[in-house]
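Heads up: the structure comes next, in structure tokens.
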Amino acid sequence: MKFERYGIGIAKGMALTFKHLFRPPITVQYPEEKLVVSRRIRGNELVWLLDRCTGCATCAKSCPQGNIEIVTHLSSENNYVVDKFEVDTGRCMFCGLCVEACPFDALAMGRSYERAQYRRRDVILSKEQLLISDIRQPSGYARPKIEASLPKQSLLIYWDRKEGGQKLSWLGLSKKRGRGV
Amino acid sequence: MTLLEQFQLWLVNIWPGWAAYIVPGIVGIVIVLGFLLVMVLVFIWYERRLLGRFQVRLGPNRLGPEGIFQPIATAVKILLKEDIIPAKSDKVIHWLAPVIVFVPVLMIFAVVPFGQRAILADLNVGIVYVVAISSISAVGIYMAGWASNNKYGLIAALRVVAQVVSYELPVVLAILGVVLMAGSLSMTQIVASQNIPFLILQPLGFVIFFLGTVAEMNRSPFDLLEADSEIVAGYHIEYSGMKFAMFFLGEYGHALAYSCIIATLFLGGWQGPLLPPILWFLIKVMAVFSVIVWMRATLPRLRVDQLMGFAWKGLLPMAVINLFIIAAEVLWLSELTPWLMVAVNFVFAGVLVLLWSKLFTLGGGRVEV
């Protein structure tokens, strides 16, 4: 007598959904909770490291779109000083070729990803905007040394407790929940 | 004597006769209507949250604490929408259908006992009244599908008539088992006779009644009449705004009403230790509704022929046999040995469910109907 033939499948299904009640939800409530992104994310357009840049314009040559505009002059110490370093990120496709091409590791892709602007002219980033800052951190894309120092990606807000995750109380009270980042 | 009758007697002394007759009725109706509307909002929120947890997500949790005001926002949104009437619809029937769906649902609550004396009208034929009234909604749904002049609406309407007529039979037969054991048709008497809840005394009757009512209130897995994947929204496909809100209210009101009826007939109604009766009643209603949501979260929708087969080949014969067993027990077994009855009924329930599930297997049990 096989019990598969006697409606036991329905009971199995019901038991499975009942178990799901006690699983933490996979929902990420975005503005309040953020996941840790991939260490090699090609996120926020570019991060420019001023002290490493020699103004060689290799990045501008490697850009398939011609988005990078770079103007330099020769200084008294016989090196290039960058006057203008502008990236039209409205046309950028995040291929990362400029980062790969840079011979002095002066460019990196960014880690943050909230890039929306209200005005079109705001997507053209100037030299000052491209500089490294608290909200503009380089990602590990084509930069293995940076990658090694970054935290691992998380796919869930609630992950295993052993890896530093948090456990959810059963009714999952929404506002008290912690943040993923 | 119910609380309302007592109120009426007290009112006769100070007010003229006609006022003392009308005012308690209106007060009772307003209380019951308020209960219905508030509970429907709670049900909508509760279903969405619980369904979310079953599907490993959160459900609405933005508006108010834990998203408790989300159904109110939904209701306001629906009420503010434009009322669209199709050009070639049958306008009078199109207008009338939501009312005919909703009003019978409201009328069911007249005989639901919320407490020992808290009942709107203690009819001596209470459960027959429920059976008679609750079927009228099907007429309203049929009218809606017909008047919309829409093929999906009509398909849903035809489905609902077939479904409700089919499932009415096992439901009534299961009710008969309860009535035999309680010895009365009155809802208060049925509750009063449940020292042991009828859920334990007649498990098979409960299963039949539960599945039959889930089919009658057109909820998943029997929600053929608004099967999203086949006929978009079914009978209310051409409805918007206030009229759609009436259908929505009627649907959840139906779920609430039948949860109340199941709690009354099988779970001992307002009876329970420690807590006040109304609280016990609400706990039981929510428990019944939770199981309905659980079924919705688990089971896929039945096909039309499976639905009909389940009613006529599965539930109906089982309900007839169940009725005979209960009748024999009431006749020959002593009322002093209820636990013997419980044991016999559980054995019968198990054997019958096994036998009938065998009947629903095709292809050596590999493809199940």
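Simple scheme: letters A, B, ... for chains in structure tokens order, numbers from 1 for residues in each chain, numbers from 1 for ligands in the order shown.
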
Excluding B:Gly67 and residues on its chain fewer than 3 positions from it, collect all residues at most 12 Å away from it, counting only C-alpha atoms, and give them as a list in words.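 Listing them by chain and then by number gives Leu173, Ser174 and Lys175 of chain A; Leu41, Val42, Ile44, Trp45, Tyr46, Arg48, Arg49, Leu58, Gly59, Pro60, Asn61, Arg62, Leu63, Gly64, Gln70, Pro71, Ile72, Ala73 and Thr74 of chain B.
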
Test item: residues at most 7 Å from stretch 200-209 of chain B, only C-alpha atoms, excluding those fewer than 6 positions along its chain, as a PDB file with C-alpha atoms, in the first residue's frame:
ATOM      1  CA  PRO B 170     -22.350  17.964   0.599  1.00  0.00           C
ATOM      2  CA  VAL B 171     -22.397  21.109   2.730  1.00  0.00           C
ATOM      3  CA  ALA B 174     -22.664  17.769   6.605  1.00  0.00           C
ATOM      4  CA  PHE B 266     -17.875  22.660  14.622  1.00  0.00           C
ATOM      5  CA  LEU B 315     -17.663  14.806  -1.075  1.00  0.00           C
ATOM      6  CA  ALA B 319     -21.372  13.117   3.158  1.00  0.00           C
ATOM      7  CA  ASN B 322     -21.299  10.289   7.179  1.00  0.00           C
ATOM      8  CA  MET B 341     -18.546   7.969  19.342  1.00  0.00           C
ATOM      9  CA  VAL B 342     -15.364   9.996  18.781  1.00  0.00           C
ATOM     10  CA  ASN B 345     -16.054   8.452  13.876  1.00  0.00           C
ATOM     11  CA  PHE B 346     -12.308   8.923  13.601  1.00  0.00           C
ATOM     12  CA  ALA B 349     -13.228   9.159   8.706  1.00  0.00           C
TER      13      ALA B 349
END

List every residue of chain B that has an atom at most 7 Å from any atom of chain A, and for each one report the closest atom pair and its distance in Å to one decimal, counting only C-alpha atoms, with rows sorted by chain and then by increasing residue number, as a tab-separated table.
residue	atom	partner	partner_atom	distance
B:Arg53	CA	A:Leu21	CA	5.3
B:Phe54	CA	A:Leu21	CA	5.0
B:Gln55	CA	A:His20	CA	6.8
B:Val56	CA	A:Pro25	CA	4.4
B:Arg57	CA	A:Pro25	CA	4.4
B:Leu58	CA	A:Pro25	CA	6.0
B:Asn61	CA	A:Ser174	CA	6.6
B:Glu66	CA	A:Ser174	CA	6.7
B:Thr298	CA	A:Met14	CA	5.9
B:Leu354	CA	A:Tyr6	CA	5.8
B:Ser357	CA	A:Tyr6	CA	5.0
B:Lys358	CA	A:Tyr6	CA	5.9
B:Thr361	CA	A:Arg5	CA	6.6
B:Gly365	CA	A:Arg5	CA	5.1

For the structure I just gave you, how does DSSP split chain A - specifically, which residues are alpha helix (DSSP H)? Reply as number ranges by chain. A: 8-20, 58-62, 97-101, 127-130, 144-149

Measuring between only C-alpha atoms, which one of B:Met242, B:Leu169, B:Val130, B:Ala215 shows the shortest distance to B:Asp83?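 Result for the nearest residue to B:Asp83: B:Met242.
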
Distance atom CA of B:Ala162-atom CA of B:Leu224, one decimal place?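 Pair atom CA of B:Ala162 / atom CA of B:Leu224 returns 10.8 Å.
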
Take atom CA of B:Ala156 and atom CA of B:Gly212 and report the distance between them in Å, one decimal. 18.4 Å

Hey, which of A:Ala101, A:Ser112, A:Thr72, A:Ser38 ends up closest to A:Asp134? Count only C-alpha atoms.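 Residue with the minimum atom-to-atom distance to A:Asp134: A:Ser112.
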
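With only C-alpha atoms as the basis for measurement, B:Val353 is the residue among B:Ala233, B:Leu185, B:Leu282, B:Val353 that approaches B:Gly314 most closely.
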
When DSSP is applied to the backbone of this structure, which of chain A are assigned strand (DSSP E or B)? Write them out as a PDB file with N, CA and C atoms, in the first residue's frame.
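Output (out_20.pdb):
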ATOM      1  N   VAL A  47      36.071  56.214  -9.866  1.00  0.00           N
ATOM      2  CA  VAL A  47      36.727  56.876  -8.745  1.00  0.00           C
ATOM      3  C   VAL A  47      38.128  57.237  -9.220  1.00  0.00           C
ATOM      4  N   TRP A  48      38.458  58.498  -9.040  1.00  0.00           N
ATOM      5  CA  TRP A  48      39.720  59.006  -9.588  1.00  0.00           C
ATOM      6  C   TRP A  48      40.665  59.320  -8.440  1.00  0.00           C
ATOM      7  N   ILE A  68      35.421  60.337 -21.840  1.00  0.00           N
ATOM      8  CA  ILE A  68      36.368  60.988 -20.932  1.00  0.00           C
ATOM      9  C   ILE A  68      37.070  62.113 -21.672  1.00  0.00           C
ATOM     10  N   GLU A  69      37.007  63.286 -21.082  1.00  0.00           N
ATOM     11  CA  GLU A  69      37.680  64.448 -21.686  1.00  0.00           C
ATOM     12  C   GLU A  69      38.768  64.877 -20.713  1.00  0.00           C
ATOM     13  N   ILE A  70      39.986  64.905 -21.211  1.00  0.00           N
ATOM     14  CA  ILE A  70      41.089  65.217 -20.302  1.00  0.00           C
ATOM     15  C   ILE A  70      41.982  66.279 -20.935  1.00  0.00           C
ATOM     16  N   VAL A  71      42.248  67.351 -20.184  1.00  0.00           N
ATOM     17  CA  VAL A  71      43.069  68.463 -20.675  1.00  0.00           C
ATOM     18  C   VAL A  71      44.206  68.658 -19.674  1.00  0.00           C
ATOM     19  N   THR A  72      45.410  68.693 -20.177  1.00  0.00           N
ATOM     20  CA  THR A  72      46.561  68.838 -19.270  1.00  0.00           C
ATOM     21  C   THR A  72      47.483  69.947 -19.761  1.00  0.00           C
ATOM     22  N   HIS A  73      48.358  70.431 -18.869  1.00  0.00           N
ATOM     23  CA  HIS A  73      49.462  71.292 -19.292  1.00  0.00           C
ATOM     24  C   HIS A  73      50.751  70.834 -18.602  1.00  0.00           C
ATOM     25  N   LEU A  74      51.844  71.229 -19.180  1.00  0.00           N
ATOM     26  CA  LEU A  74      53.149  70.818 -18.646  1.00  0.00           C
ATOM     27  C   LEU A  74      53.548  71.758 -17.519  1.00  0.00           C
ATOM     28  N   TYR A  80      52.857  66.339 -16.228  1.00  0.00           N
ATOM     29  CA  TYR A  80      51.554  66.855 -16.632  1.00  0.00           C
ATOM     30  C   TYR A  80      50.711  67.213 -15.425  1.00  0.00           C
ATOM     31  N   VAL A  81      50.027  68.323 -15.479  1.00  0.00           N
ATOM     32  CA  VAL A  81      49.033  68.687 -14.471  1.00  0.00           C
ATOM     33  C   VAL A  81      47.661  68.635 -15.145  1.00  0.00           C
ATOM     34  N   VAL A  82      46.746  67.926 -14.512  1.00  0.00           N
ATOM     35  CA  VAL A  82      45.422  67.760 -15.123  1.00  0.00           C
ATOM     36  C   VAL A  82      44.596  69.005 -14.867  1.00  0.00           C
ATOM     37  N   ASP A  83      44.197  69.681 -15.925  1.00  0.00           N
ATOM     38  CA  ASP A  83      43.322  70.847 -15.788  1.00  0.00           C
ATOM     39  C   ASP A  83      41.866  70.444 -15.742  1.00  0.00           C
ATOM     40  N   LYS A  84      41.528  69.507 -16.623  1.00  0.00           N
ATOM     41  CA  LYS A  84      40.121  69.162 -16.779  1.00  0.00           C
ATOM     42  C   LYS A  84      40.024  67.652 -16.928  1.00  0.00           C
ATOM     43  N   PHE A  85      39.188  67.048 -16.096  1.00  0.00           N
ATOM     44  CA  PHE A  85      38.958  65.610 -16.209  1.00  0.00           C
ATOM     45  C   PHE A  85      37.456  65.396 -16.089  1.00  0.00           C
ATOM     46  N   GLU A  86      36.793  65.309 -17.212  1.00  0.00           N
ATOM     47  CA  GLU A  86      35.330  65.240 -17.184  1.00  0.00           C
ATOM     48  C   GLU A  86      34.854  63.933 -17.777  1.00  0.00           C
ATOM     49  N   VAL A  87      33.860  63.311 -17.121  1.00  0.00           N
ATOM     50  CA  VAL A  87      33.296  62.068 -17.619  1.00  0.00           C
ATOM     51  C   VAL A  87      31.802  62.279 -17.840  1.00  0.00           C
ATOM     52  N   ASP A  88      31.362  62.059 -19.051  1.00  0.00           N
ATOM     53  CA  ASP A  88      29.921  62.144 -19.323  1.00  0.00           C
ATOM     54  C   ASP A  88      29.295  60.788 -18.986  1.00  0.00           C
ATOM     55  N   LEU A 107      42.539  54.972 -11.721  1.00  0.00           N
ATOM     56  CA  LEU A 107      41.080  54.943 -11.885  1.00  0.00           C
ATOM     57  C   LEU A 107      40.562  53.639 -11.321  1.00  0.00           C
ATOM     58  N   ALA A 108      39.376  53.689 -10.764  1.00  0.00           N
ATOM     59  CA  ALA A 108      38.735  52.456 -10.305  1.00  0.00           C
ATOM     60  C   ALA A 108      37.235  52.614 -10.472  1.00  0.00           C
ATOM     61  N   GLY A 110      33.438  52.393  -8.979  1.00  0.00           N
ATOM     62  CA  GLY A 110      32.975  52.728  -7.629  1.00  0.00           C
ATOM     63  C   GLY A 110      32.158  51.603  -7.014  1.00  0.00           C
ATOM     64  N   ILE A 124      27.250  64.777 -15.974  1.00  0.00           N
ATOM     65  CA  ILE A 124      28.619  65.041 -16.435  1.00  0.00           C
ATOM     66  C   ILE A 124      29.451  65.384 -15.205  1.00  0.00           C
ATOM     67  N   LEU A 125      30.357  64.481 -14.849  1.00  0.00           N
ATOM     68  CA  LEU A 125      31.064  64.644 -13.586  1.00  0.00           C
ATOM     69  C   LEU A 125      32.395  65.342 -13.817  1.00  0.00           C
ATOM     70  N   LEU A 131      36.631  62.546  -7.391  1.00  0.00           N
ATOM     71  CA  LEU A 131      37.637  62.207  -6.384  1.00  0.00           C
ATOM     72  C   LEU A 131      37.098  61.206  -5.382  1.00  0.00           C
ATOM     73  N   PRO A 138      36.305  52.977  -4.057  1.00  0.00           N
ATOM     74  CA  PRO A 138      36.621  52.116  -5.198  1.00  0.00           C
ATOM     75  C   PRO A 138      36.215  50.670  -4.940  1.00  0.00           C
TER      76      PRO A 138
END

Atom-to-atom span, atom CA of A:Arg120 and atom CA of A:Met93, Å: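 Atom CA of A:Arg120 sits 16.2 Å away from atom CA of A:Met93.
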